[in-house]
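J.: Submitted below is the structure of interest, expressed as structure tokens.
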Amino acid sequence: DGGITQSPKYLFRKEGQNVTLSCEQNLNHDAMYWYRQDPGQGLRLIYYSQIVNDFQKGDIAEGYSVSREKKESFPLTVTSAQKNPTAFYLCASTRDRTEAFFGQGTRLTVV
Amino acid sequence: SQKIEQNSEALNIQEGKTATLTCNYTNYSPAYLQWYRQDPGRGPVFLLLIRENEKEKRKERLKVTFDTTLKQSLFHITASQPADSATYLCALHLLTGGGNKLTFGTGTQLKVEL
């Protein structure tokens, strides 16, 4: 079945650590996105990528980094520079400007 | 700056009534507007897309309108059921130099009561 897979589902980070969230899709979509969602809030765009080896900052990119070495993969690194990383992270992909498909999300907690 | 606004207050309605949710945007000229449903702890799921040259779109009990003059979309659920309780998000694609920037509103929580 085609879809978008995020892992892990839950992630715990110690203060000062970098952690990487995985996002893989087998839908052959060009565009991929990372969002952050805080309790009771909407989705805020972190980074997006239209093609391999190219990505753009979204509205809240500080403290995050991404790569797009393969069409299928768009990993997100939460760096130690992100002072408040505890949140629900969602990855999505789209073909052109049509519907977005989302992964099941990764819940990151700082311990 | 560009904004997408939805009612932040939860909408509580009785089963069988029609729920109407609002999405307003500023400083955009979107070609498409989309609506998604999100359940707690899950990723959003696509419901409907409406184009700028379409005034209205329907899918089963769902209806979306799009007024590019008012910069507003209305999302209706008729004959609502408790299973419709969820958060509903509107979204716009903004064409930038780096590609399509998909931006979401803050979402409105809908609760359908028996």
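Labeling convention for the structure tokens: chains A, B, ... as they appear, residues from 1 per chain, ligands from 1 in order of appearance.
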As a list in words, could you give me every residue of chain B near chain A (at most 6 Å apart, counting only C-alpha atoms)?
T.: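 Output check: Arg42, Gly43, Gly99, Phe104, Thr106 and Gly107 of chain B.
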J.: Could you write those residues out with N, CA, C and O atoms, as a short mmCIF file (atom, residue, chain, number, x, y, z; two decimals), in the first residue's frame?
T.:
data_model
loop_
_atom_site.label_atom_id
_atom_site.label_comp_id
_atom_site.auth_asym_id
_atom_site.auth_seq_id
_atom_site.Cartn_x
_atom_site.Cartn_y
_atom_site.Cartn_z
N ARG B 42 -3.62 12.06 15.78
CA ARG B 42 -3.47 11.54 14.42
C ARG B 42 -3.11 12.66 13.46
O ARG B 42 -3.27 13.84 13.75
N GLY B 43 -2.62 12.27 12.26
CA GLY B 43 -2.37 13.25 11.22
C GLY B 43 -3.68 13.67 10.55
O GLY B 43 -4.64 12.90 10.55
N GLY B 99 8.81 26.64 -4.39
CA GLY B 99 7.81 25.60 -4.57
C GLY B 99 6.50 25.94 -3.90
O GLY B 99 6.24 27.09 -3.57
N PHE B 104 -1.59 25.93 6.85
CA PHE B 104 -2.85 25.56 7.49
C PHE B 104 -3.35 26.65 8.41
O PHE B 104 -2.57 27.42 8.98
N THR B 106 -5.61 27.53 11.97
CA THR B 106 -5.44 27.04 13.33
C THR B 106 -6.40 25.92 13.68
O THR B 106 -6.20 25.22 14.66
N GLY B 107 -7.43 25.73 12.87
CA GLY B 107 -8.37 24.65 13.12
C GLY B 107 -9.51 25.05 14.04
O GLY B 107 -9.35 25.91 14.91
#
J.: Which residues are close to region 4-18 of chain B, i.e. within 12 Å by only C-alpha atoms, leaving aside same-chain residues fewer than 5 positions away? Reply as a ChimeraX atom specification.
T.: /A:40-44 /B:23-30,33-35,61-63,71-94,102-114
J.: Identify which of the residues A:Thr77, A:Ile4, A:Trp34, A:Lys71 lies closest to Ile46 (chain A), counting only C-alpha atoms when measuring atom-to-atom distances.
T.: A:Trp34
J.: One decimal, in Å: what's the spacing between CA of Arg13 (chain A) and CA of Glu62 (chain A)?
T.: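 Spanning CA of Arg13 (chain A) to CA of Glu62 (chain A) is a straight-line distance of 17.6 Å.
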J.: Select, from A:Val110, A:Leu11, A:Cys23, A:Ala61, the residue with the minimum atom-to-atom distance to Phe74 (chain A), counting only C-alpha atoms.
T.: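 Looking only at the distances to Phe74 (chain A), the closest residue turns out to be A:Cys23.
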J.: Kindly indicate which residue among A:Leu27, A:Val52, A:Leu21, A:Leu108 lies nearest to Asn84 (chain A), using only C-alpha atoms for the distances.
T.: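 Checking each of A:Leu27, A:Val52, A:Leu21, A:Leu108 against Asn84 (chain A), counting only C-alpha atoms, the winner is A:Leu108.
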J.: Skipping near chain neighbours, those fewer than 5 positions away, what residues fall within 9 Å of region 14-20 of chain A using only C-alpha atoms, listed as a list in words?
T.: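 Residues near the query, excluding close chain neighbours: Pro75, Leu76, Thr77, Val78, Thr79, Ser80, Ala81, Lys83, Thr109, Val110 and Val111 of chain A.
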